[in-house]
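What follows is a single structure, written as structure tokens, with notes after it.
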Amino acid sequence: MGMQAVEKPETKSLSQQWCMLLVTPGKEQHARDSFHRYGVQAYWPNYYRPTLPLRERRRTDYRSVIPGYLFLKSVLDNQLWETIQRTKDTNHLVLNYSGSVATLKEESIDVIRAIERGMNTPTPGRTLHNFKTRDKVRFVDDPSGRWPPGKIAGSLSDGRIVVEVQMMGRLVPFQVFPYLVERAG
């Protein structure tokens, strides 16, 4: 399932900023590797999840922190647009309300990287938490309060919780461990 035929979004001087790209959930690593082969810097926030030994061999399993999203750092020009069109499992760029490409600053990417580091630290096992659906929370790794508070959208069977954060004009689901968030005041 490749890129659908969509119009090229309007671009205004995007000098080396980060933009979000929607990809098929579960195919983020494949899309990131494809962009790297084309020379485009792509960032996929992920964490390592060890699996049970399979015939005395451990399988490496990486999971997405933000399922269905990839971040690209590049000037959006015709060459990048053609690369997006060629890359399998990409859907479209995230646009803002005016129809131009929405961009993220480096500070926001730093917060995402801090969340990713927190997901990659060893956990003490399933952690109990008292968060309920629709509780307002903020990320511990965002000390400056750069992002607006998110809301708990649910929990997963492995102990992670889904936190939806308003980012770039849409609700972006983060799948994180409970110790990475705290109640928002």
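Ligands are numbered from 1 in the order shown, chains are lettered A, B, ... in the order of the structure tokens, and residues start at 1 in each chain.
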For this session: DSSP on the backbone, then: every residue of segment 10-185 of chain A marked helix (DSSP H, G or I), written as a PyMOL selection string.
Result: chain A and resi 28-37+78-86+106-119+178-180
For this session: Please run DSSP on the backbone and report, as a PyMOL selection string, all residues within segment 58-172 of chain A that come out as strand (DSSP E).
Result: chain A and resi 62-64+69-73+90-93+103-104+136-139+150-155+161-167+170-172
Atoms kept (N, CA and C atoms) for selection, written as a tab-separated table (two decimals), in the first residue's frame:
```
chain	number	residue	atom	x	y	z
A	62	TYR	N	11.31	-4.20	18.10
A	62	TYR	CA	11.21	-2.78	18.39
A	62	TYR	C	9.76	-2.34	18.21
A	63	ARG	N	9.29	-1.55	19.13
A	63	ARG	CA	7.92	-1.05	19.10
A	63	ARG	C	7.93	0.47	18.97
A	64	SER	N	6.91	0.99	18.38
A	64	SER	CA	6.81	2.42	18.18
A	64	SER	C	6.25	3.12	19.42
A	69	TYR	N	3.58	7.26	13.02
A	69	TYR	CA	4.22	8.55	12.73
A	69	TYR	C	5.72	8.39	12.56
A	70	LEU	N	6.25	9.19	11.65
A	70	LEU	CA	7.67	9.26	11.39
A	70	LEU	C	8.00	10.74	11.26
A	71	PHE	N	9.19	11.14	11.65
A	71	PHE	CA	9.59	12.55	11.58
A	71	PHE	C	10.70	12.70	10.56
A	72	LEU	N	10.57	13.66	9.66
A	72	LEU	CA	11.56	13.90	8.62
A	72	LEU	C	12.20	15.26	8.85
A	73	LYS	N	13.52	15.31	8.71
A	73	LYS	CA	14.22	16.59	8.83
A	73	LYS	C	14.85	16.89	7.49
A	90	THR	N	3.95	4.85	3.16
A	90	THR	CA	3.73	6.22	3.62
A	90	THR	C	2.33	6.66	3.20
A	91	ASN	N	1.70	7.49	4.02
A	91	ASN	CA	0.36	7.96	3.70
A	91	ASN	C	0.37	9.41	3.27
A	92	HIS	N	0.68	10.33	4.17
A	92	HIS	CA	0.79	11.74	3.79
A	92	HIS	C	1.46	12.55	4.89
A	93	LEU	N	1.89	13.75	4.53
A	93	LEU	CA	2.48	14.66	5.50
A	93	LEU	C	1.38	15.29	6.34
A	103	THR	N	5.27	21.99	10.92
A	103	THR	CA	6.64	21.68	11.32
A	103	THR	C	6.78	21.68	12.83
A	104	LEU	N	7.78	20.96	13.29
A	104	LEU	CA	8.13	20.90	14.71
A	104	LEU	C	9.50	21.52	14.91
A	136	LYS	N	-6.08	14.27	32.90
A	136	LYS	CA	-5.09	15.15	32.28
A	136	LYS	C	-3.73	14.85	32.89
A	137	VAL	N	-2.75	14.65	32.01
A	137	VAL	CA	-1.39	14.35	32.44
A	137	VAL	C	-0.40	15.15	31.60
A	138	ARG	N	0.82	15.25	32.11
A	138	ARG	CA	1.90	15.86	31.35
A	138	ARG	C	3.10	14.93	31.44
A	139	PHE	N	3.99	15.04	30.46
A	139	PHE	CA	5.17	14.19	30.43
A	139	PHE	C	6.21	14.70	31.42
A	150	GLY	N	-1.76	16.27	28.11
A	150	GLY	CA	-2.43	15.24	27.32
A	150	GLY	C	-3.52	14.58	28.14
A	151	LYS	N	-4.26	13.69	27.51
A	151	LYS	CA	-5.31	12.95	28.21
A	151	LYS	C	-5.06	11.46	28.06
A	152	ILE	N	-5.34	10.74	29.14
A	152	ILE	CA	-5.23	9.29	29.10
A	152	ILE	C	-6.36	8.76	28.21
A	153	ALA	N	-5.98	7.97	27.19
A	153	ALA	CA	-6.97	7.43	26.27
A	153	ALA	C	-7.25	5.96	26.53
A	154	GLY	N	-6.42	5.30	27.33
A	154	GLY	CA	-6.63	3.89	27.63
A	154	GLY	C	-5.34	3.24	28.09
A	155	SER	N	-5.43	1.94	28.34
A	155	SER	CA	-4.24	1.20	28.76
A	155	SER	C	-4.09	-0.03	27.89
A	161	ILE	N	0.37	2.86	28.90
A	161	ILE	CA	-0.87	3.63	28.77
A	161	ILE	C	-0.78	4.47	27.51
A	162	VAL	N	-1.93	4.81	26.96
A	162	VAL	CA	-2.00	5.64	25.76
A	162	VAL	C	-2.34	7.05	26.20
A	163	VAL	N	-1.46	7.99	25.86
A	163	VAL	CA	-1.66	9.40	26.19
A	163	VAL	C	-1.81	10.15	24.87
A	164	GLU	N	-2.94	10.83	24.71
A	164	GLU	CA	-3.17	11.62	23.50
A	164	GLU	C	-2.79	13.07	23.78
A	165	VAL	N	-1.90	13.60	22.94
A	165	VAL	CA	-1.42	14.97	23.08
A	165	VAL	C	-1.80	15.76	21.83
A	166	GLN	N	-2.28	16.97	22.03
A	166	GLN	CA	-2.60	17.85	20.90
A	166	GLN	C	-1.29	18.36	20.33
A	167	MET	N	-0.96	17.92	19.12
A	167	MET	CA	0.30	18.30	18.48
A	167	MET	C	0.05	18.53	17.01
A	170	ARG	N	-3.63	18.01	15.73
A	170	ARG	CA	-4.29	16.71	15.82
A	170	ARG	C	-3.91	16.03	17.13
A	171	LEU	N	-4.69	15.03	17.51
A	171	LEU	CA	-4.38	14.25	18.70
A	171	LEU	C	-3.39	13.15	18.30
A	172	VAL	N	-2.21	13.16	18.91
A	172	VAL	CA	-1.17	12.19	18.60
A	172	VAL	C	-1.08	11.22	19.78
```
Problem set entry | Distance query segment 37-51 of chain A at most 10 Å, only C-alpha atoms, self and fewer than 3 positions along chain excluded, as a count of residues only | 48
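With atom CA of Trp81 of chain A on one side and atom CA of Pro173 of chain A on the other, the separation reads 25.6 Å.
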For this session: Find the residues near Val140 of chain A: any atom within 9 Å, counting only C-alpha atoms, skip ones fewer than 6 places away on the same chain, and give them as a PyMOL selection string.
Result: chain A and resi 115+179-182
Go ahead and save the picked residues with N, CA and C atoms, as a short mmCIF file (atom, residue, chain, number, x, y, z; two decimals), in the first residue's frame.
```cif
data_model
loop_
_atom_site.label_atom_id
_atom_site.label_comp_id
_atom_site.auth_asym_id
_atom_site.auth_seq_id
_atom_site.Cartn_x
_atom_site.Cartn_y
_atom_site.Cartn_z
N ILE A 115 11.42 11.06 26.00
CA ILE A 115 10.38 10.05 26.25
C ILE A 115 10.86 8.69 25.74
N TYR A 179 5.15 5.63 34.55
CA TYR A 179 6.09 6.46 35.29
C TYR A 179 6.64 7.63 34.45
N LEU A 180 6.31 7.69 33.16
CA LEU A 180 6.76 8.78 32.31
C LEU A 180 5.80 9.96 32.29
N VAL A 181 4.65 9.83 32.98
CA VAL A 181 3.69 10.92 33.03
C VAL A 181 3.33 11.22 34.48
N GLU A 182 2.81 12.43 34.69
CA GLU A 182 2.32 12.82 36.01
C GLU A 182 1.04 13.63 35.80
#
```
Exercise. How many Å lie between atom CA of Ala102 of chain A and atom CA of Gln17 of chain A, rounded to one decimal?
Worked result: 9.6 Å
For this session: In Å, rounded to a single decimal, give me how far atom CA of Asp77 of chain A is from atom CA of Ser98 of chain A.
Result: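 Calculated distance between atom CA of Ser98 of chain A and atom CA of Asp77 of chain A is 18.7 Å.
Considering the residues A:Arg183, A:Lys88, A:Arg160, A:Lys105 and counting only C-alpha atoms, Asp135 of chain A has its shortest atom-to-atom contact with A:Arg183.
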